[in-house]
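Novice: Pasting coords-v5.txt below, which is compact mmCIF, C-alpha atoms.
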```
# COMPACT_ATOMS: atom_id res chain seq x y z
CA MET Q 300 42.14 25.38 2.44
CA ALA Q 301 44.84 23.29 4.04
CA GLY Q 302 46.98 21.19 1.73
CA LEU Q 303 47.51 17.44 1.64
CA ARG Q 304 50.35 17.42 4.18
CA LEU Q 305 48.71 17.83 7.54
CA THR Q 306 50.10 17.24 10.99
CA PRO Q 307 47.99 15.12 13.35
CA ARG Q 308 47.13 18.27 15.27
CA GLU Q 309 45.96 20.15 12.16
CA LEU Q 310 43.92 17.17 11.07
CA ARG Q 311 42.30 16.80 14.50
CA GLU Q 312 41.39 20.47 14.51
CA LEU Q 313 39.90 20.35 11.02
CA ILE Q 314 37.81 17.31 11.94
CA ARG Q 315 36.60 19.06 15.10
CA GLU Q 316 35.73 22.16 13.08
CA TYR Q 317 33.85 20.35 10.32
CA THR Q 318 32.12 17.57 12.26
CA GLY Q 319 32.16 18.66 15.90
CA ARG Q 320 33.69 15.24 16.72
CA GLU Q 321 36.82 14.59 18.74
CA VAL Q 322 39.07 11.87 17.27
CA THR Q 323 41.19 11.68 20.43
CA ALA Q 324 38.15 10.21 22.20
CA CYS Q 325 38.54 6.95 20.23
CA MET Q 326 39.50 4.06 22.51
CA GLN Q 327 40.01 1.58 19.64
CA CYS Q 328 37.15 -0.73 20.60
CA GLY Q 329 36.79 -1.63 16.90
CA LEU Q 330 33.00 -1.59 16.83
CA CYS Q 331 33.05 0.64 13.73
CA THR Q 332 35.14 -1.90 11.83
CA ALA Q 333 32.94 -4.76 13.05
CA VAL Q 334 29.74 -3.15 11.74
CA CYS Q 335 31.24 -1.68 8.54
CA PRO Q 336 29.76 -3.39 5.44
CA VAL Q 337 32.79 -2.50 3.29
CA ALA Q 338 35.70 -2.72 5.78
CA SER Q 339 37.21 -5.74 4.02
CA PHE Q 340 37.62 -3.67 0.84
CA MET Q 341 39.50 -0.84 2.59
CA ASP Q 342 43.24 -0.34 3.00
CA LEU Q 343 42.74 1.17 6.45
CA HIS Q 344 39.57 -0.12 8.12
CA PRO Q 345 37.60 2.49 10.09
CA ALA Q 346 39.23 1.95 13.51
CA ALA Q 347 42.71 1.86 11.97
CA LEU Q 348 41.97 5.02 10.03
CA VAL Q 349 40.92 6.86 13.19
CA ARG Q 350 44.12 5.59 14.87
CA ALA Q 351 46.19 6.88 11.95
CA VAL Q 352 44.51 10.26 12.22
CA GLN Q 353 45.19 10.35 15.98
CA LEU Q 354 48.85 9.46 15.71
CA GLY Q 355 50.60 10.13 12.48
CA GLY Q 356 48.28 11.74 10.01
CA VAL Q 357 47.38 10.15 6.69
CA GLU Q 358 48.56 10.40 3.11
CA LEU Q 359 45.36 11.48 1.41
CA PRO Q 360 46.33 10.83 -2.22
CA LYS Q 361 47.11 7.19 -1.46
CA LEU Q 362 44.24 6.44 0.90
CA ARG Q 363 41.71 4.08 -0.66
CA SER Q 364 39.31 3.84 2.29
CA ILE Q 365 37.85 7.31 1.71
CA TRP Q 366 36.54 6.23 -1.71
CA ILE Q 367 35.22 2.89 -0.42
CA CYS Q 368 33.04 4.22 2.43
CA VAL Q 369 29.40 4.32 1.26
CA SER Q 370 28.18 6.59 4.10
CA CYS Q 371 25.74 3.97 5.36
CA MET Q 372 26.12 5.70 8.76
CA THR Q 373 26.20 2.45 10.74
CA CYS Q 374 29.50 3.31 12.49
CA VAL Q 375 28.29 6.87 13.10
CA ASP Q 376 25.26 5.53 14.99
CA LYS Q 377 27.12 2.77 16.85
CA CYS Q 378 30.28 4.56 18.02
CA PRO Q 379 30.23 4.48 21.85
CA ARG Q 380 32.59 7.49 22.04
CA ASP Q 381 30.78 9.65 19.44
CA VAL Q 382 33.88 9.78 17.25
CA ALA Q 383 31.75 8.88 14.22
CA PRO Q 384 34.39 7.39 11.90
CA GLY Q 385 32.02 7.83 8.94
CA LEU Q 386 32.17 11.59 9.41
CA VAL Q 387 35.97 11.48 9.80
CA VAL Q 388 36.10 9.64 6.46
CA GLU Q 389 33.78 12.21 4.92
CA THR Q 390 36.04 15.05 6.10
CA LEU Q 391 39.12 13.33 4.64
CA ARG Q 392 37.27 12.69 1.39
CA GLN Q 393 36.30 16.35 1.11
CA LEU Q 394 39.84 17.51 1.95
CA ALA Q 395 41.23 15.20 -0.74
CA LEU Q 396 38.71 16.39 -3.35
CA LYS Q 397 39.25 20.04 -2.55
CA ASN Q 398 42.98 19.47 -3.05
CA GLY Q 399 42.58 17.94 -6.46
CA VAL Q 400 42.72 14.20 -5.71
CA GLU Q 401 40.49 12.42 -8.25
CA PRO Q 402 38.92 9.08 -7.31
CA ARG Q 403 38.39 7.83 -10.87
CA ALA Q 404 37.80 9.38 -14.26
CA TYR Q 405 34.18 9.43 -15.36
CA SER Q 406 35.18 8.17 -18.79
CA GLN Q 407 36.23 4.88 -17.18
CA LEU Q 408 32.80 4.18 -15.74
CA PRO Q 409 30.63 1.55 -17.41
CA ILE Q 410 27.66 3.83 -18.07
CA ASP Q 411 24.97 3.46 -20.71
CA GLU Q 412 21.36 4.55 -21.17
CA THR Q 413 20.12 1.78 -18.85
CA THR Q 414 22.19 3.05 -15.90
CA PRO Q 415 19.68 4.45 -13.39
CA SER Q 416 20.17 8.14 -12.65
CA ILE Q 417 19.99 7.47 -8.90
CA LEU Q 418 23.28 5.60 -9.36
CA LEU Q 419 24.95 8.43 -11.28
CA VAL Q 420 23.71 10.99 -8.78
CA THR Q 421 24.96 9.13 -5.70
CA TYR Q 422 28.28 8.21 -7.33
CA SER Q 423 28.85 11.80 -8.45
CA ARG Q 424 27.89 13.12 -5.07
CA LYS Q 425 30.69 11.07 -3.47
CA SER Q 426 33.26 11.92 -6.14
CA THR Q 427 32.87 15.69 -6.12
CA GLY Q 428 33.72 18.33 -3.54
CA MET A 128 12.66 7.66 -9.65
CA LYS A 129 10.60 9.37 -12.34
CA ARG A 130 12.97 8.32 -15.10
CA ASP A 131 14.07 4.83 -14.12
CA PHE A 132 11.55 3.55 -11.58
CA SER A 133 8.27 4.97 -12.85
CA GLU A 134 6.49 1.81 -11.62
CA VAL A 135 7.35 2.83 -8.05
CA GLU A 136 5.87 6.27 -8.57
CA ARG A 137 2.76 4.85 -10.25
CA SER A 138 2.09 2.26 -7.54
CA SER A 139 2.83 4.72 -4.70
CA LEU A 140 0.40 7.30 -6.09
CA ALA A 141 -2.31 4.67 -6.69
CA LEU A 142 -1.89 3.43 -3.13
CA LEU A 143 -2.07 6.91 -1.60
CA ALA A 144 -5.20 7.64 -3.65
CA ALA A 145 -6.79 4.36 -2.49
CA LEU A 146 -6.07 5.37 1.11
CA GLY A 147 -7.90 8.66 0.49
CA TYR A 148 -4.96 11.05 0.31
CA ARG A 149 -4.84 13.95 -2.11
CA VAL A 150 -1.28 14.08 -3.45
CA VAL A 151 0.01 17.07 -5.41
CA GLU A 152 3.46 17.07 -6.98
CA ILE A 153 5.72 19.88 -5.79
CA SER A 154 5.61 22.47 -8.58
CA SER A 155 9.38 22.63 -8.99
CA TRP A 156 11.53 20.13 -7.17
CA TYR A 157 15.28 19.70 -7.36
CA CYS A 158 17.42 16.57 -7.28
CA CYS A 159 18.52 16.08 -3.68
CA GLY A 160 21.94 14.68 -4.64
CA GLY A 161 21.38 11.39 -2.87
CA PHE A 162 23.33 12.13 0.30
CA PRO A 163 23.04 15.18 2.52
CA GLY A 164 26.19 17.09 3.43
CA ALA A 165 27.62 15.13 6.35
CA THR A 166 30.15 17.75 7.46
CA ALA A 167 30.37 21.53 7.62
CA LEU A 168 32.67 21.38 4.58
CA GLU A 169 29.66 20.54 2.47
CA HIS A 170 26.71 22.56 3.68
CA VAL A 171 26.33 23.64 0.05
CA LYS A 172 24.87 20.14 -0.53
CA TYR A 173 21.77 21.28 1.37
CA VAL A 174 20.94 24.00 -1.16
CA SER A 175 18.79 21.81 -3.42
CA SER A 176 16.85 20.16 -0.56
CA LEU A 177 16.14 23.47 1.16
CA ARG A 178 15.07 24.93 -2.18
CA THR A 179 12.63 22.03 -2.62
CA LEU A 180 11.31 22.50 0.92
CA SER A 181 10.85 26.27 0.35
CA VAL A 182 8.78 25.64 -2.77
CA ALA A 183 6.85 22.87 -1.01
CA TYR A 184 6.10 25.11 1.94
CA ARG A 185 4.83 27.93 -0.25
CA GLN A 186 2.65 25.48 -2.15
CA SER A 187 1.44 23.78 1.03
CA ARG A 188 -0.07 27.03 2.26
CA GLU A 189 -2.08 27.37 -0.95
CA LEU A 190 -3.26 23.75 -0.75
CA GLY A 191 -3.66 23.37 3.00
CA ALA A 192 -1.15 20.51 2.99
CA ASP A 193 0.97 19.64 6.00
CA SER A 194 3.38 16.96 4.78
CA VAL A 195 5.87 16.18 2.07
CA VAL A 196 5.87 12.50 1.18
CA THR A 197 8.37 10.68 -1.01
CA SER A 198 8.77 7.06 -1.99
CA CYS A 199 12.55 7.39 -2.46
CA PRO A 200 14.66 6.60 0.63
CA PHE A 201 17.51 8.85 -0.57
CA CYS A 202 15.17 11.84 -1.05
CA TYR A 203 13.55 11.05 2.29
CA ASN A 204 16.88 10.96 4.13
CA THR A 205 18.18 14.14 2.52
CA LEU A 206 14.94 16.15 2.87
CA ARG A 207 14.49 15.02 6.47
CA GLN A 208 18.03 16.04 7.41
CA ALA A 209 17.52 19.36 5.61
CA GLU A 210 14.25 19.81 7.50
CA GLN A 211 16.13 19.33 10.79
CA LEU A 212 19.07 21.56 9.80
CA PRO A 213 17.84 24.78 11.48
CA VAL A 214 17.89 22.91 14.80
CA SER A 215 20.63 20.32 14.30
CA ARG A 216 23.25 22.62 12.72
CA PRO A 217 21.97 26.22 12.92
CA GLY A 218 25.23 27.86 11.77
CA GLU A 219 25.25 25.90 8.52
CA TYR A 220 21.52 26.44 8.03
CA VAL A 221 21.96 30.22 8.26
CA ARG A 222 24.71 30.18 5.63
CA VAL A 223 22.62 28.17 3.17
CA ALA A 224 19.47 30.20 3.90
CA ASP A 225 21.42 33.43 3.33
CA TYR A 226 22.59 32.10 0.00
CA LEU A 227 19.02 31.28 -1.03
CA ARG A 228 17.49 34.50 0.29
CA ASP A 229 17.46 36.31 -3.07
CA GLU A 230 15.58 33.60 -4.91
CA LEU A 231 13.17 32.17 -2.37
CA GLU A 232 11.64 32.78 0.99
CA PRO A 233 13.83 30.70 3.33
CA TYR A 234 12.34 27.49 4.66
CA ARG A 235 11.77 27.95 8.38
CA GLY A 236 10.06 24.69 9.26
CA GLY A 237 6.42 23.70 9.36
CA LEU A 238 6.32 20.70 7.03
CA ARG A 239 6.51 17.05 8.00
CA VAL A 240 8.81 15.05 5.76
CA LEU A 241 7.52 11.49 5.46
CA HIS A 242 8.50 8.37 3.62
CA LEU A 243 5.77 6.26 2.06
CA VAL A 244 6.32 3.44 4.60
CA GLU A 245 5.41 5.85 7.40
CA VAL A 246 2.16 6.75 5.66
CA ILE A 247 1.27 3.11 4.99
CA SER A 248 2.18 1.96 8.50
CA ALA A 249 -0.02 4.67 10.02
CA ARG A 250 -3.00 3.19 8.14
CA LEU A 251 -2.48 -0.54 8.68
CA SER A 252 -6.11 -1.45 9.32
CA ASP A 253 -7.18 0.31 6.10
CA VAL A 254 -4.36 -1.40 4.21
CA ALA A 255 -5.53 -4.74 5.62
CA LYS A 256 -9.09 -4.03 4.41
CA LEU A 257 -7.83 -3.22 0.91
CA ALA A 258 -5.62 -6.31 0.86
CA GLU A 259 -8.33 -8.81 1.87
CA GLY A 260 -5.65 -11.37 2.61
CA ARG A 261 -4.64 -11.62 -1.04
CA LEU A 262 -1.09 -12.64 -0.10
CA ARG A 263 -2.08 -15.07 2.64
CA GLY A 264 0.64 -17.55 3.45
CA VAL A 265 3.36 -15.91 1.31
CA ARG A 266 6.61 -15.63 3.28
CA VAL A 267 8.05 -12.15 2.76
CA ALA A 268 11.58 -11.03 3.73
CA ALA A 269 11.86 -7.28 4.29
CA TYR A 270 15.18 -5.75 3.20
CA TYR A 271 15.53 -2.23 4.60
CA GLY A 272 18.84 -0.94 3.26
CA CYS A 273 20.41 2.13 4.86
CA MET A 274 18.63 5.34 4.03
CA LEU A 275 15.41 4.81 6.00
CA LEU A 276 17.26 3.84 9.18
CA ARG A 277 20.47 5.81 9.45
CA PRO A 278 21.51 8.17 10.86
CA ARG A 279 19.36 7.53 13.91
CA ALA A 280 17.98 11.10 13.94
CA VAL A 281 16.01 10.46 10.74
CA ALA A 282 15.20 6.76 11.17
CA VAL A 283 11.61 5.75 10.38
CA ASP A 284 11.88 3.00 13.00
CA ASN A 285 14.36 1.56 15.51
CA PRO A 286 17.49 1.20 13.34
CA ASP A 287 18.76 -1.76 15.37
CA ASN A 288 15.61 -3.84 15.04
CA PRO A 289 13.16 -2.24 12.63
CA GLN A 290 9.64 -3.70 12.41
CA VAL A 291 7.74 -1.24 10.25
CA ILE A 292 7.89 -3.20 6.97
CA GLU A 293 7.18 -6.49 8.78
CA ARG A 294 4.01 -4.93 10.22
CA ILE A 295 2.96 -3.81 6.72
CA VAL A 296 3.59 -7.36 5.45
CA GLU A 297 1.39 -8.74 8.25
CA ALA A 298 -1.36 -6.30 7.35
CA LEU A 299 -1.27 -7.72 3.82
CA GLY A 300 -2.02 -11.15 5.27
CA ALA A 301 1.47 -12.40 4.39
CA VAL A 302 4.03 -13.85 6.79
CA PRO A 303 7.10 -11.69 7.56
CA VAL A 304 10.34 -13.64 7.96
CA ARG A 305 13.23 -12.07 9.85
CA TYR A 306 16.89 -12.66 9.04
CA PRO A 307 20.17 -11.16 10.27
CA TYR A 308 21.19 -9.04 7.26
CA ARG A 309 17.96 -7.01 6.94
CA THR A 310 19.70 -3.68 7.44
CA TYR A 311 23.13 -4.48 5.96
CA CYS A 312 24.26 -2.09 3.21
CA CYS A 313 23.99 -3.61 -0.30
CA GLY A 314 27.01 -1.64 -1.56
CA SER A 315 25.01 1.21 -3.06
CA PHE A 316 26.65 3.24 -5.85
CA HIS A 317 29.78 1.04 -5.89
CA VAL A 318 28.00 -1.08 -8.50
CA LEU A 319 29.44 1.45 -10.97
CA ALA A 320 33.13 1.51 -10.10
CA GLU A 321 33.71 -1.28 -7.54
CA PRO A 322 31.21 -4.01 -8.44
CA ALA A 323 33.07 -6.57 -6.29
CA ILE A 324 31.77 -4.77 -3.19
CA VAL A 325 28.16 -4.98 -4.33
CA ARG A 326 28.53 -8.57 -5.47
CA GLY A 327 30.03 -9.56 -2.10
CA ASN A 328 27.45 -7.73 -0.01
CA THR A 329 24.40 -8.78 -2.00
CA GLU A 330 25.53 -12.42 -1.95
CA ARG A 331 25.89 -12.21 1.83
CA ILE A 332 22.40 -10.72 2.09
CA ALA A 333 21.02 -13.37 -0.30
CA ARG A 334 22.46 -16.24 1.76
CA SER A 335 20.91 -14.77 4.89
CA ILE A 336 17.54 -14.45 3.14
CA ALA A 337 17.76 -17.96 1.70
CA SER A 338 18.26 -19.41 5.18
CA SER A 339 15.10 -17.65 6.36
CA GLY A 340 12.93 -19.61 3.89
CA ALA A 341 11.38 -16.52 2.29
CA ASP A 342 9.35 -16.77 -0.95
CA ILE A 343 9.93 -13.16 -1.93
CA VAL A 344 11.99 -10.12 -0.87
CA VAL A 345 10.52 -6.68 -0.54
CA THR A 346 12.56 -3.46 -0.34
CA PRO A 347 11.62 0.22 -0.16
CA CYS A 348 14.78 1.33 -2.01
CA PRO A 349 15.13 1.42 -5.83
CA LEU A 350 18.94 1.22 -5.66
CA CYS A 351 18.84 -1.84 -3.37
CA LEU A 352 16.29 -3.35 -5.76
CA TYR A 353 18.60 -2.72 -8.72
CA ASN A 354 21.62 -4.23 -6.95
CA LEU A 355 19.78 -7.28 -5.58
CA ARG A 356 18.26 -8.04 -8.97
CA ARG A 357 21.58 -7.61 -10.71
CA TYR A 358 23.67 -9.92 -8.52
CA THR A 359 21.30 -12.43 -6.93
CA ASN A 360 18.55 -14.69 -8.21
CA LEU A 361 16.17 -13.68 -5.43
CA LYS A 362 12.64 -12.65 -6.28
CA VAL A 363 12.77 -8.98 -5.30
CA VAL A 364 9.97 -6.44 -5.64
CA HIS A 365 9.55 -2.88 -4.51
CA LEU A 366 7.44 -2.43 -1.39
CA SER A 367 4.99 -0.01 -3.00
CA GLU A 368 4.38 -2.48 -5.85
CA LEU A 369 3.72 -5.39 -3.50
CA VAL A 370 1.29 -3.36 -1.40
CA ALA A 371 -0.42 -2.01 -4.54
CA TYR A 372 -0.74 -5.57 -5.86
CA ALA A 373 -2.20 -6.77 -2.56
CA ALA A 374 -4.63 -3.84 -2.56
CA ASN A 375 -5.88 -4.97 -5.97
CA LEU A 376 -4.46 -1.96 -7.79
CA ARG A 377 -3.05 -4.16 -10.53
CA GLU A 378 -3.14 -1.53 -13.24
CA ALA A 379 -0.51 0.38 -11.21
CA VAL A 380 1.84 -2.62 -10.91
CA SER A 381 4.55 -3.37 -13.47
CA PRO A 382 4.33 -6.58 -15.58
CA GLU A 383 7.61 -7.86 -14.02
CA THR A 384 6.22 -7.64 -10.51
CA LEU A 385 2.89 -9.15 -11.56
CA LYS A 386 4.81 -12.09 -13.00
CA VAL A 387 6.89 -12.58 -9.83
CA VAL A 388 3.86 -12.43 -7.55
CA ALA A 389 1.78 -14.66 -9.83
CA SER A 390 4.51 -17.32 -9.70
CA LEU A 391 4.30 -17.24 -5.90
CA ARG A 392 0.57 -17.61 -5.86
CA GLY A 393 0.96 -20.64 -8.07
CA GLU A 394 3.37 -22.16 -5.57
CA THR A 395 1.49 -21.45 -2.38
```
Using the file provided, produce a representation of the structure as structure tokens.
Specialist:
Amino acid sequence: MAGLRLTPRELRELIREYTGREVTACMQCGLCTAVCPVASFMDLHPAALVRAVQLGGVELPKLRSIWICVSCMTCVDKCPRDVAPGLVVETLRQLALKNGVEPRAYSQLPIDETTPSILLVTYSRKSTG
Amino acid sequence: MKRDFSEVERSSLALLAALGYRVVEISSWYCCGGFPGATALEHVKYVSSLRTLSVAYRQSRELGADSVVTSCPFCYNTLRQAEQLPVSRPGEYVRVADYLRDELEPYRGGLRVLHLVEVISARLSDVAKLAEGRLRGVRVAAYYGCMLLRPRAVAVDNPDNPQVIERIVEALGAVPVRYPYRTYCCGSFHVLAEPAIVRGNTERIARSIASSGADIVVTPCPLCLYNLRRYTNLKVVHLSELVAYAANLREAVSPETLKVVASLRGET
């Protein structure tokens, strides 16, 4: 598994390998950001994140966007260039998790016996590699 | 669903029985994990869904069944994507199937994975007969959420302008109202760690619904239901409960939903 320091080329190749998508195809139309229901809570909104991946790479341990994406798949369906930013985010999230980046400790979560298990399952699914 | 939303299970089963279906629970099913593996880094996330489908397929041959139906949008989405895996991503399917080979006969296709709304919407005239116009005049806003509509390959209806729940509402004799944020994500699991996201999104959805003049909101998703009830003062009920109520299957409807619907009938 590649580490957390990746060149743009390495990152592009990993994304191609894991998702079959080509980040260089992005033309920065911004549709993904426009349709994203959580873009305003991200540090790099979806289009900016794809741009960062194209040009300079990203610092995975500091990137907040990968923990904010809820995988609603709206951008994946709407992208006119089939870049699918939601899958790019998913790849970055998995790379971060597999390299030991932790989104948040479970002990900090406000969980009690009334918390529905569907919530724990979906949260855990996004916080584990 | 079984633990926290038993009223959804109860009303769904009562409804399917009233429509003449014989429903048998899969003998051993496994939690789907909520989201399917979106990338090849995570094909391991398909193990539980393919395991469930293998067991379901074996059982379906004994029973003469042809479909797997679920009332949970997350399970639907995950099982449907797993069902398509041999065709959509054959390389990953082979790796997961190889892993499962020692414990189960691999799932090779042959089952239809359906969500409850697909079953109901295929039987609209029968639903209308059961409903006898019990909800006549009630204005119902359908809130879809994400998992029944996206990604496009598993959508139960056109993800850009879905109509399936509105048609069910019409069959109940009620009036569907349409509003812009019908398919906008409620914020999902962020209610645990980033509640500001869910508060912001549900308030946006609630304003959109309020401007439509709806009396009640109906959603097929238990997580959307939980979030909307937690952060808004909308009257929200689960789709299966509303349909079961309309079909006069009151013993299968929870007291909370009965109260909400009774308050509407008083108003209209």
Novice: Set out as a tab-separated table a contact list for chain Q and chain A with a cut-off of 8 Å, giving each residue of chain Q that qualifies its closest atom pair and distance in Å to one decimal, counting only C-alpha atoms, ordered by chain and rising residue number.
Specialist:
```
residue	atom	partner	partner_atom	distance
Q:Glu316	CA	A:Ala167	CA	7.7
Q:Tyr317	CA	A:Ala167	CA	4.6
Q:Thr318	CA	A:Thr166	CA	5.2
Q:Pro336	CA	A:Cys312	CA	6.1
Q:Val337	CA	A:Ile324	CA	6.9
Q:Phe340	CA	A:Ile324	CA	7.2
Q:Ile367	CA	A:His317	CA	7.9
Q:Val369	CA	A:Ser315	CA	6.9
Q:Cys371	CA	A:Cys273	CA	5.7
Q:Met372	CA	A:Pro278	CA	5.6
Q:Thr373	CA	A:Arg277	CA	6.8
Q:Val375	CA	A:Pro278	CA	7.3
Q:Asp376	CA	A:Pro278	CA	6.2
Q:Leu386	CA	A:Ala165	CA	6.5
Q:Glu389	CA	A:Ala165	CA	7.0
Q:Thr390	CA	A:Thr166	CA	6.6
Q:Gln393	CA	A:Leu168	CA	7.1
Q:Leu408	CA	A:Ala320	CA	6.2
Q:Pro409	CA	A:Leu319	CA	6.5
Q:Ile410	CA	A:Leu319	CA	7.7
Q:Pro415	CA	A:Asp131	CA	5.7
Q:Ser416	CA	A:Asp131	CA	7.1
Q:Ile417	CA	A:Leu350	CA	7.1
Q:Leu418	CA	A:Phe316	CA	5.4
Q:Leu419	CA	A:Phe316	CA	7.7
Q:Val420	CA	A:Gly160	CA	5.8
Q:Thr421	CA	A:Gly161	CA	5.1
Q:Tyr422	CA	A:Phe316	CA	5.4
Q:Arg424	CA	A:Gly160	CA	6.2
Q:Gly428	CA	A:Glu169	CA	7.6
```
Novice: Between A:Leu251, A:Ser155, A:Glu368, A:Arg331, which one has atoms that come closest to Pro382 (chain A), using all atoms listed in the file?
Specialist: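 Counting all atoms listed in the file, the residue closest to Pro382 (chain A) is A:Glu368.
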Novice: Measuring atom to atom with only C-alpha atoms, identify which of Q:Ser423, Q:Thr306, Q:Pro345, Q:Ala395 is nearest to Val382 (chain Q).
Specialist: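 So, comparing all the options, the nearest one is Q:Pro345.
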Novice: Go ahead and compute the interatomic distance for CA of His242 (chain A) and CA of Thr384 (chain A), in Å to one decimal.
Specialist: 21.5 Å
Novice: Calculated over all atoms listed in the file, which of the candidates A:Val254, A:Ala183, A:Cys202, A:Leu243 has the smallest distance to Leu231 (chain A)?
Specialist: A:Ala183
Novice: Rounded to one decimal, what separation in Å do you get between CA of Leu190 (chain A) and CA of Arg239 (chain A)?
Specialist: 14.7 Å
Novice: Considering all atoms listed in the file, can you say which of Q:Val352, Q:Leu313, Q:Ala347, Q:Cys331 comes closest to Gly385 (chain Q)?
Specialist: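 With all atoms listed in the file as the atom set, the closest residue is Q:Cys331.
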Novice: Find the residues near Ser252 (chain A): any atom within 10 Å, counting all atoms listed in the file, skip ones fewer than 4 places away on the same chain, and give them as an MDAnalysis selection string.
Specialist: chainID A and resid 247:248 256:258 295 298:299
Novice: Just to confirm, what's the straight-line distance from CA of Ala192 (chain A) to CA of Gly237 (chain A) in Å (one decimal)?
Specialist: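 CA of Gly237 (chain A) lies at a distance of 10.4 Å from CA of Ala192 (chain A).
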Novice: Taking into account all atoms listed in the file, which residue in the set A:Ser154, A:Ser215, A:Ser138, A:Thr346 is nearest to Glu293 (chain A)?
Specialist: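 Result for the nearest residue to Glu293 (chain A): A:Thr346.
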Novice: Which one of Q:Asp381, Q:Glu401, Q:Glu312, Q:Asp411 sits closest to Gly356 (chain Q) if you count all atoms listed in the file?
Specialist: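 Smallest separation from Gly356 (chain Q) among the options: Q:Glu312.
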Novice: List the spatial neighbours of Val400 (chain Q) as a list in words - criterion: any atom at most 10 Å away, only C-alpha atoms, same-chain residues fewer than 2 positions off excluded.
Specialist: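 The residues that qualify are Leu303, Leu359, Pro360, Lys361, Arg392, Gln393, Leu394, Ala395, Leu396, Lys397, Asn398, Pro402, Arg403, Ser426 and Thr427 of chain Q.
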Novice: What box, with edges along x, y and z, holds each listed atom of region 319-329 of chain A when 5 Å is added on every side, and can you state its centre and edge lengths in Å to one decimal, as JSON?
Specialist:
```
{"center_x": 29.1, "center_y": -4.0, "center_z": -5.5, "size_x": 19.3, "size_y": 21.1, "size_z": 21.0}
```
Novice: Tell me which protein, DNA and RNA residues are within 12 Å of Tyr148 (chain A), counting only C-alpha atoms, leaving out same-chain ones fewer than 5 positions away, and put them as a ChimeraX atom specification.
Specialist: /A:139-143,192-194,196,243,246-247,250
